[in-house]
Each structure stands twice: as structure tokens, then as C-alpha cells.
file final-v3.txt (compact mmCIF, C-alpha atoms and all ligand atoms)
# COMPACT_ATOMS: atom_id res chain seq x y z
CA MET A 1 -22.88 30.77 -24.34
CA ARG A 2 -24.64 34.15 -24.40
CA LEU A 3 -26.18 33.36 -27.83
CA LEU A 4 -27.54 30.03 -26.60
CA PHE A 5 -28.81 31.67 -23.42
CA ASP A 6 -30.66 34.28 -25.47
CA GLN A 7 -32.14 31.60 -27.75
CA PHE A 8 -33.55 29.70 -24.76
CA MET A 9 -34.77 32.90 -23.09
CA LYS A 10 -36.73 33.56 -26.31
CA LYS A 11 -38.35 30.12 -25.94
CA CYS A 12 -39.37 31.11 -22.39
CA GLU A 13 -41.52 33.97 -23.67
CA ASP A 14 -44.55 31.76 -24.45
CA GLY A 15 -44.20 29.86 -21.15
CA SER A 16 -43.32 26.50 -22.72
CA TRP A 17 -39.80 26.70 -21.25
CA ILE A 18 -38.78 27.99 -17.84
CA HIS A 19 -35.38 29.40 -16.91
CA LEU A 20 -34.62 27.52 -13.69
CA PRO A 21 -33.05 29.20 -10.67
CA SER A 22 -29.73 27.85 -9.46
CA TYR A 23 -29.96 25.13 -6.81
CA GLU A 24 -28.22 27.52 -4.42
CA ASP A 25 -31.05 30.04 -4.77
CA ILE A 26 -33.67 27.35 -4.12
CA ALA A 27 -31.81 25.95 -1.14
CA THR A 28 -31.26 29.32 0.51
CA GLN A 29 -34.93 30.34 0.19
CA ARG A 30 -36.12 27.57 2.48
CA SER A 31 -32.78 26.33 3.72
CA GLN A 32 -33.91 25.81 7.32
CA ASP A 33 -37.00 23.77 6.32
CA PHE A 34 -34.97 21.77 3.84
CA SER A 35 -32.14 21.10 6.24
CA THR A 36 -34.52 20.09 9.05
CA PHE A 37 -36.33 17.68 6.74
CA ILE A 38 -33.14 16.03 5.45
CA HIS A 39 -31.67 15.67 8.93
CA ALA A 40 -34.91 14.13 10.21
CA TYR A 41 -34.90 11.63 7.32
CA PHE A 42 -31.32 10.55 8.10
CA PRO A 43 -31.12 10.92 11.92
CA THR A 44 -28.06 8.71 12.42
CA ALA A 45 -26.07 10.31 9.60
CA SER A 46 -27.18 13.73 10.82
CA GLU A 47 -25.59 13.11 14.24
CA GLN A 48 -22.24 12.55 12.49
CA ILE A 49 -22.26 15.92 10.72
CA ASN A 50 -19.67 18.35 12.06
CA LYS A 51 -22.03 21.21 12.96
CA GLU A 52 -19.19 23.78 13.04
CA LYS A 53 -18.21 22.97 9.45
CA LEU A 54 -21.86 22.98 8.30
CA SER A 55 -21.96 26.78 8.16
CA GLN A 56 -19.08 26.68 5.64
CA GLY A 57 -21.03 24.32 3.36
CA ARG A 58 -21.35 25.45 -0.25
CA ILE A 59 -23.10 23.92 -3.24
CA PHE A 60 -20.35 21.98 -5.01
CA THR A 61 -21.11 23.25 -8.52
CA ARG A 62 -21.15 26.88 -7.27
CA SER A 63 -18.00 26.72 -5.19
CA PHE A 64 -15.44 27.77 -7.83
CA GLU A 65 -14.41 31.29 -8.75
CA ASP A 66 -16.31 32.67 -11.74
CA GLY A 67 -15.11 31.20 -15.03
CA LEU A 68 -12.92 28.50 -13.49
CA GLY A 69 -15.39 25.76 -12.63
CA PHE A 70 -19.00 24.97 -13.43
CA GLU A 71 -20.72 27.65 -15.51
CA TYR A 72 -24.21 26.58 -16.49
CA VAL A 73 -27.83 27.49 -16.89
CA MET A 74 -30.84 25.17 -17.01
CA PHE A 75 -34.14 25.40 -18.86
CA TYR A 76 -37.15 23.20 -18.05
CA ASN A 77 -40.04 22.14 -20.27
CA ASP A 78 -42.89 21.02 -17.99
CA ALA A 79 -45.05 19.50 -20.75
CA GLU A 80 -42.19 17.30 -21.96
CA LYS A 81 -40.65 16.80 -18.48
CA ARG A 82 -37.19 17.59 -19.76
CA ILE A 83 -34.30 19.91 -19.00
CA VAL A 84 -31.64 21.34 -21.24
CA CYS A 85 -28.51 22.49 -19.42
CA VAL A 86 -26.11 24.76 -21.29
CA PHE A 87 -22.75 24.01 -19.68
CA GLN A 88 -19.33 25.55 -20.13
CA GLY A 89 -16.79 24.11 -17.72
CA GLY A 90 -13.73 26.15 -16.78
CA PRO A 91 -10.03 25.22 -16.80
CA HIS A 92 -10.08 23.93 -13.21
CA LEU A 93 -12.23 20.99 -14.33
CA GLN A 94 -9.39 19.39 -16.29
CA GLY A 95 -8.78 15.63 -16.22
CA MET A 96 -6.63 14.35 -19.10
CA PRO A 97 -4.68 17.35 -20.47
CA GLY A 98 -7.03 19.52 -22.50
CA PHE A 99 -10.19 17.59 -21.59
CA PHE A 100 -12.77 17.61 -18.82
CA HIS A 101 -12.40 15.35 -15.83
CA GLY A 102 -14.94 12.50 -15.89
CA GLY A 103 -16.00 13.33 -12.35
CA ALA A 104 -16.80 16.90 -13.40
CA ILE A 105 -18.96 15.59 -16.24
CA ALA A 106 -20.66 13.16 -13.83
CA THR A 107 -21.32 16.05 -11.43
CA MET A 108 -23.03 18.13 -14.11
CA ILE A 109 -25.05 15.12 -15.25
CA ASP A 110 -26.13 14.42 -11.66
CA ALA A 111 -27.06 18.09 -11.17
CA THR A 112 -29.14 18.12 -14.38
CA VAL A 113 -30.95 14.79 -14.03
CA GLY A 114 -31.33 15.59 -10.31
CA MET A 115 -33.04 18.88 -11.06
CA ASN A 116 -35.26 17.08 -13.61
CA ALA A 117 -36.24 14.56 -10.91
CA ILE A 118 -36.85 17.29 -8.30
CA VAL A 119 -39.13 19.41 -10.47
CA SER A 120 -40.94 16.28 -11.69
CA GLY A 121 -41.19 14.35 -8.45
CA GLY A 122 -40.33 16.27 -5.30
CA ILE A 123 -37.48 15.78 -2.84
CA VAL A 124 -35.32 12.99 -4.24
CA MET A 125 -31.82 11.56 -3.91
CA THR A 126 -29.69 9.83 -6.50
CA ALA A 127 -29.71 6.07 -5.89
CA ASN A 128 -27.99 5.04 -9.13
CA LEU A 129 -26.15 6.80 -11.94
CA ASN A 130 -24.77 4.93 -14.98
CA ILE A 131 -22.55 6.83 -17.39
CA ASN A 132 -21.04 5.88 -20.73
CA PHE A 133 -18.22 8.26 -21.70
CA LYS A 134 -18.11 7.97 -25.50
CA ARG A 135 -15.87 10.88 -26.53
CA PRO A 136 -13.64 13.18 -24.45
CA ILE A 137 -15.00 16.71 -24.04
CA PRO A 138 -12.52 19.50 -24.89
CA LEU A 139 -11.80 21.71 -21.88
CA CYS A 140 -13.78 24.98 -21.79
CA SER A 141 -16.04 23.95 -24.69
CA ILE A 142 -19.79 24.58 -24.47
CA VAL A 143 -22.01 21.50 -24.45
CA LEU A 144 -25.72 20.74 -24.09
CA ILE A 145 -26.87 18.31 -21.41
CA ASN A 146 -30.28 16.97 -22.46
CA SER A 147 -32.20 15.30 -19.65
CA GLN A 148 -35.54 13.50 -19.90
CA LEU A 149 -37.84 11.99 -17.26
CA ASP A 150 -38.61 8.52 -18.64
CA LYS A 151 -40.76 6.94 -15.98
CA ILE A 152 -42.16 7.27 -12.46
CA GLU A 153 -42.81 3.99 -10.61
CA GLY A 154 -44.04 4.71 -7.09
CA ARG A 155 -41.12 6.44 -5.32
CA LYS A 156 -38.69 5.70 -8.17
CA LEU A 157 -37.94 8.19 -10.94
CA LEU A 158 -35.95 7.10 -13.98
CA VAL A 159 -34.20 9.90 -15.82
CA SER A 160 -31.93 9.58 -18.86
CA CYS A 161 -29.56 12.09 -20.34
CA ASN A 162 -26.99 12.77 -23.02
CA VAL A 163 -24.23 15.32 -23.48
CA GLN A 164 -23.81 16.70 -27.00
CA SER A 165 -21.90 19.37 -28.84
CA VAL A 166 -23.93 22.52 -29.51
CA ASP A 167 -24.33 21.57 -33.20
CA GLU A 168 -25.53 18.12 -31.99
CA LYS A 169 -22.98 16.41 -34.25
CA ILE A 170 -20.93 14.88 -31.42
CA LEU A 171 -22.42 12.63 -28.76
CA TYR A 172 -20.00 12.85 -25.84
CA THR A 173 -21.78 11.04 -23.06
CA GLU A 174 -24.93 9.06 -22.27
CA ALA A 175 -26.37 8.34 -18.84
CA THR A 176 -29.30 6.75 -17.04
CA SER A 177 -30.24 7.41 -13.45
CA LEU A 178 -32.55 6.31 -10.67
CA PHE A 179 -33.84 8.75 -8.07
CA ILE A 180 -35.79 7.82 -4.95
CA LYS A 181 -38.43 10.18 -3.64
CA LEU A 182 -38.00 10.85 0.06
CA ASN A 183 -41.37 12.36 0.88
CA PRO A 184 -44.27 11.81 -1.52
CA GLU A 185 -46.55 14.27 0.30
CA LYS A 186 -44.23 17.26 -0.29
CA GLU A 187 -44.06 16.80 -4.05
CA PHE A 188 -46.01 19.96 -4.95
CA HIS A 189 -44.30 22.05 -2.33
CA ILE A 190 -40.82 21.60 -3.81
CA LYS A 191 -42.00 21.92 -7.41
CA GLU A 192 -43.71 25.22 -6.62
CA LEU A 193 -40.67 26.39 -4.70
CA VAL A 194 -38.43 25.74 -7.72
CA LEU A 195 -40.76 27.19 -10.30
CA ASN A 196 -41.74 30.22 -8.18
CA SER A 197 -38.12 31.15 -7.66
CA ALA A 198 -37.35 31.00 -11.39
CA PRO A 199 -35.80 34.23 -12.66
CA PRO A 200 -38.17 36.31 -14.84
CA ALA A 201 -38.25 35.29 -18.55
C1 LIG A 301 -30.50 20.61 -8.41
C2 LIG A 301 -29.44 19.90 -7.76
C3 LIG A 301 -29.64 18.45 -7.89
C4 LIG A 301 -28.57 17.81 -7.17
C5 LIG A 301 -28.70 16.35 -7.40
C6 LIG A 301 -27.67 15.68 -6.60
C7 LIG A 301 -28.36 14.55 -5.93
C8 LIG A 301 -27.34 13.74 -5.25
O1 LIG A 301 -26.24 13.60 -5.69
S1 LIG A 301 -27.82 13.01 -3.81
C9 LIG A 301 -26.25 12.40 -3.17
C10 LIG A 301 -25.94 11.00 -3.58
N1 LIG A 301 -26.95 10.11 -3.13
C11 LIG A 301 -26.98 9.67 -1.86
O2 LIG A 301 -26.19 10.00 -1.01
C12 LIG A 301 -28.11 8.71 -1.54
C13 LIG A 301 -27.63 7.57 -0.63
N2 LIG A 301 -28.69 6.58 -0.58
C14 LIG A 301 -29.70 6.68 0.31
O3 LIG A 301 -29.70 7.54 1.18
C15 LIG A 301 -30.84 5.72 0.21
O4 LIG A 301 -30.40 4.53 -0.43
C16 LIG A 301 -32.05 6.31 -0.59
C17 LIG A 301 -32.57 7.56 0.10
C18 LIG A 301 -31.66 6.65 -2.04
C19 LIG A 301 -33.16 5.28 -0.64
O5 LIG A 301 -33.39 4.88 0.67
P1 LIG A 301 -34.88 4.69 1.22
O6 LIG A 301 -35.63 5.97 1.17
O7 LIG A 301 -34.78 4.01 2.54
O8 LIG A 301 -35.55 3.75 0.13
P2 LIG A 301 -35.51 2.16 0.03
O9 LIG A 301 -36.71 1.67 0.79
O10 LIG A 301 -34.17 1.60 0.34
O11 LIG A 301 -35.74 1.96 -1.54
C20 LIG A 301 -36.96 2.34 -2.15
C21 LIG A 301 -37.08 1.53 -3.42
O12 LIG A 301 -36.00 1.91 -4.30
C22 LIG A 301 -35.20 0.76 -4.64
N3 LIG A 301 -33.79 1.19 -4.68
C23 LIG A 301 -33.12 1.93 -3.77
N4 LIG A 301 -31.85 2.10 -4.16
C24 LIG A 301 -31.71 1.46 -5.34
C25 LIG A 301 -30.61 1.30 -6.25
N5 LIG A 301 -29.42 1.83 -6.03
N6 LIG A 301 -30.85 0.58 -7.38
C26 LIG A 301 -32.06 0.04 -7.63
N7 LIG A 301 -33.15 0.17 -6.80
C27 LIG A 301 -32.96 0.88 -5.68
C28 LIG A 301 -35.46 -0.23 -3.50
O13 LIG A 301 -35.21 -1.55 -3.93
C29 LIG A 301 -36.93 0.01 -3.20
O14 LIG A 301 -37.69 -0.62 -4.22
P3 LIG A 301 -39.14 -1.29 -3.88
O15 LIG A 301 -39.97 -0.16 -3.33
O16 LIG A 301 -39.63 -1.77 -5.22
O17 LIG A 301 -38.87 -2.35 -2.88
call {"tool": "encode", "arguments": {"input": "final-v3.txt", "output": "C-alpha cells"}}
result
Amino acid sequence: MRLLFDQFMKKCEDGSWIHLPSYEDIATQRSQDFSTFIHAYFPTASEQINKEKLSQGRIFTRSFEDGLGFEYVMFYNDAEKRIVCVFQGGPHLQGMPGFFHGGAIATMIDATVGMNAIVSGGIVMTANLNINFKRPIPLCSIVLINSQLDKIEGRKLLVSCNVQSVDEKILYTEATSLFIKLNPEKEFHIKELVLNSAPPA
């Protein structure tokens, strides 16, 4: 994992790739603005949120103890509109004995294609996610999640993705997704927020 991280950090030196901040870091920077916007977009659903529990809310992929759940880092290439996520899931993500749970893989795919859609298009939500699980992924192995923005049609963003072994010899999973942009006018605001909070290369 460290070797791959260093290889991608090297690619960041000329600015073609950007080491993305974790979603948690982005959300906490402008959490009040973000929360107000989302609740205003979904007023009825917002009324049903248990406000006492809201303060205990944690980003799903960052809610496990270190090393047990989702360990990952994402790199973004703006010119190519793609993200590579280096992912090493921990032992608490087990499904079939010795392999990752399909829901854990789906979560990481959603997080990666979602980040690709956010940096490419603004504030979006997943409307559709189709996944083909082609090979089981051994628990605790390191994989690459390669995500690509394919098309923007008005408020719709189509993003595809695959999950491969590090040597690219095994194709584990393929996915396509549809994201819907919630607020076209804030597109540059969120992109700048993400890119400006990127850790230094
Ligand atoms: C970095 C971390 C990233 C994390 C990423 C994680 C992201 C998530 O998981 S979000 C959580 C899961 N998603 C959700 O809960 C979303 C639930 N769905 C919704 O709230 C709404 O359906 C929402 C917001 C997606 C779209 O609603 P709304 O803004 O009213 O748009 P709406 O007018 O219905 O649709 C817009 C267009 O998209 C199309 N569309 C909407 N949903 C779909 C769909 N599932 N399939 C195909 N087309 C669709 C509509 O037909 C319409 O097309 P057109 O403009 O051509 O008529």
C-alpha cells in the first residue's frame, strides 16, 4: 500500500494528479453549509431526521477502527476526469469466508465514482449503481478502483469503474453509475472546495 501511495504521490509532483482529501475532511470544512443545503433540498426527509442522533453521524467508510475496515486513498486526474482509488479492506469487511462482502465492495465503488462525479460535476447523489461481481476479492488484499467520467448530459453524470488487482491481471468487478446533480450553480464551489483541501503533494 505504501509503495503504491508513494508511486502516485510521485505522479502528483507535476500537477497532473491530485491526492484527494478524505470525504470527511471536505464535509467538516463546510459542514454547516453542506448540511443546510441538503436539508433544504429534501425538506420532508429532513423533518424525519432524528436531530439528537445527527451529532453522532460519521462517514460510513471512516467509521471503523484503523486497519479493520475501509483503508483507502484516492488520486484524481482532472484532464482525464478519472480517479484511481488504492483500497485495502480490513478483516471486518468479510462476506464469504476469506473474501470481501459484496456490500463493502459496492460501498467503495460508490465512494470512488461518487467522488469522481462530485469533482467533475458538483453536488450530486447516486441515482443508479449497477455492479457485476466477476471474481471474489481476497480479504485484506490491495486492489485498484479505476473510475472514469464517461458523459455529462444536463444534470446527469455517467461514471464507470472497475476493480482490479494491483498487477492488473485480475478483473474483480465492473460497474456503471448514474449521478444526478442537485444544484448546477454550485458546481465550481464544491470542486474548488475539494481541490483546495487536497493534502500537499
Ligand atoms: C466522496 C464521497 C462520495 C459519496 C458518494 C455516495 C453517494 C450516495 O451514496 S448518495 C445516497 C444514495 N442515493 C440517494 O439516496 C438518492 C435518492 N434519490 C433521490 O434523492 C432523487 O431520486 C435524486 C436526487 C437522485 C434525483 O431527484 P431529483 O433531483 O428530483 O431529479 P429528477 O427530476 O427526479 O431526475 C432528474 C433526471 O434524472 C433522471 N433520473 C433520476 N433518477 C434516475 C434513475 N434512477 N435512473 C435513470 N434516470 C434517473 C430523471 O428521469 C430525470 O431525467 P430528465 O431530466 O431527462 O427527465
call {"tool": "closest_atom_pairs", "arguments": {"input": "final-v3.txt", "of": "chain A", "to": "ligand LIG 301 (chain A)", "cutoff": "8 Å", "atoms": "all atoms listed in the file", "output": "JSON lines"}}
result
{"residue": "A:Ser22", "atom": "CA", "partner": "A:LIG301", "partner_atom": "C1", "distance": 7.4}
{"residue": "A:Tyr23", "atom": "CA", "partner": "A:LIG301", "partner_atom": "C1", "distance": 4.8}
{"residue": "A:Phe42", "atom": "CA", "partner": "A:LIG301", "partner_atom": "O3", "distance": 7.7}
{"residue": "A:Thr107", "atom": "CA", "partner": "A:LIG301", "partner_atom": "O1", "distance": 7.9}
{"residue": "A:Asp110", "atom": "CA", "partner": "A:LIG301", "partner_atom": "C5", "distance": 5.3}
{"residue": "A:Ala111", "atom": "CA", "partner": "A:LIG301", "partner_atom": "C3", "distance": 4.2}
{"residue": "A:Thr112", "atom": "CA", "partner": "A:LIG301", "partner_atom": "C3", "distance": 6.5}
{"residue": "A:Val113", "atom": "CA", "partner": "A:LIG301", "partner_atom": "C5", "distance": 7.2}
{"residue": "A:Gly114", "atom": "CA", "partner": "A:LIG301", "partner_atom": "C5", "distance": 4.0}
{"residue": "A:Met115", "atom": "CA", "partner": "A:LIG301", "partner_atom": "C1", "distance": 4.1}
{"residue": "A:Asn116", "atom": "CA", "partner": "A:LIG301", "partner_atom": "C1", "distance": 7.9}
{"residue": "A:Ile118", "atom": "CA", "partner": "A:LIG301", "partner_atom": "C1", "distance": 7.2}
{"residue": "A:Val124", "atom": "CA", "partner": "A:LIG301", "partner_atom": "C7", "distance": 7.3}
{"residue": "A:Met125", "atom": "CA", "partner": "A:LIG301", "partner_atom": "S1", "distance": 4.3}
{"residue": "A:Thr126", "atom": "CA", "partner": "A:LIG301", "partner_atom": "N1", "distance": 4.4}
{"residue": "A:Ala127", "atom": "CA", "partner": "A:LIG301", "partner_atom": "N5", "distance": 4.3}
{"residue": "A:Asn128", "atom": "CA", "partner": "A:LIG301", "partner_atom": "N5", "distance": 4.7}
{"residue": "A:Gly154", "atom": "CA", "partner": "A:LIG301", "partner_atom": "O15", "distance": 7.4}
{"residue": "A:Arg155", "atom": "CA", "partner": "A:LIG301", "partner_atom": "C21", "distance": 6.6}
{"residue": "A:Lys156", "atom": "CA", "partner": "A:LIG301", "partner_atom": "O12", "distance": 6.0}
{"residue": "A:Leu178", "atom": "CA", "partner": "A:LIG301", "partner_atom": "N6", "distance": 6.8}
{"residue": "A:Phe179", "atom": "CA", "partner": "A:LIG301", "partner_atom": "C18", "distance": 6.7}
{"residue": "A:Ile180", "atom": "CA", "partner": "A:LIG301", "partner_atom": "C18", "distance": 5.2}
{"residue": "A:Lys181", "atom": "CA", "partner": "A:LIG301", "partner_atom": "O6", "distance": 7.0}
{"residue": "A:Leu182", "atom": "CA", "partner": "A:LIG301", "partner_atom": "O6", "distance": 5.5}
call {"tool": "residues_around", "arguments": {"input": "final-v3.txt", "residues": "Asn77 in chain A", "least_positions_apart": "6", "cutoff": "8 Å", "atoms": "all atoms listed in the file", "output": "PDB file with C-alpha atoms, in the frame of the given file"}}
result
ATOM      1  CA  SER A  16     -43.320  26.500 -22.720  1.00  0.00           C
ATOM      2  CA  TRP A  17     -39.800  26.700 -21.250  1.00  0.00           C
ATOM      3  CA  ILE A  18     -38.780  27.990 -17.840  1.00  0.00           C
ATOM      4  CA  ILE A  83     -34.300  19.910 -19.000  1.00  0.00           C
TER       5      ILE A  83
END
call {"tool": "residues_near_point", "arguments": {"input": "final-v3.txt", "point": "(-17.2, 16.1, -14.1)", "cutoff": "10 Å", "atoms": "all atoms listed in the file", "output": "number ranges by chain"}}
result
A: 61, 69-70, 89, 93-95, 100-110
call {"tool": "axis_aligned_box", "arguments": {"input": "final-v3.txt", "around": "range 162-175 of chain A", "padding_each_side": "5 Å", "output": "AutoDock Vina command-line options"}}
result
--center_x -23.5 --center_y 15.4 --center_z -26.5 --size_x 17.0 --size_y 24.2 --size_z 25.4
call {"tool": "atom_distance", "arguments": {"input": "final-v3.txt", "atom1": "CA of Ile137 in chain A", "atom2": "CA of Val86 in chain A"}}
result
14.0 Å
call {"tool": "atom_distance", "arguments": {"input": "final-v3.txt", "atom1": "CA of Ile142 in chain A", "atom2": "CA of Phe87 in chain A"}}
result
5.7 Å
call {"tool": "atom_distance", "arguments": {"input": "final-v3.txt", "atom1": "CA of Gly15 in chain A", "atom2": "CA of Cys85 in chain A"}}
result
17.4 Å
call {"tool": "residues_around", "arguments": {"input": "final-v3.txt", "residues": "Ala175 in chain A", "least_positions_apart": "3", "cutoff": "10 Å", "atoms": "all atoms listed in the file", "output": "list in words"}}
result
Ala106, Ile109, Asp110, Val113, Leu129, Asn130, Ile131, Asn132, Phe133, Ser147, Val159, Ser160, Cys161, Asn162 and Val163 of chain A
call {"tool": "residues_near_point", "arguments": {"input": "final-v3.txt", "point": "(-36.5, 12.9, 5.4)", "cutoff": "12 Å", "atoms": "all atoms listed in the file", "output": "ChimeraX atom specification"}}
result
/A:33-46,122-125,180-186
call {"tool": "closest_residue", "arguments": {"input": "final-v3.txt", "among": "A:Ile49, A:Val84, A:Ala79, A:Leu149", "to": "Phe8 in chain A", "atoms": "all atoms listed in the file"}}
result
A:Val84
call {"tool": "closest_residue", "arguments": {"input": "final-v3.txt", "among": "A:Gln32, A:Gln88, A:Ser55, A:Asn50", "to": "Val166 in chain A", "atoms": "only C-alpha atoms"}}
result
A:Gln88
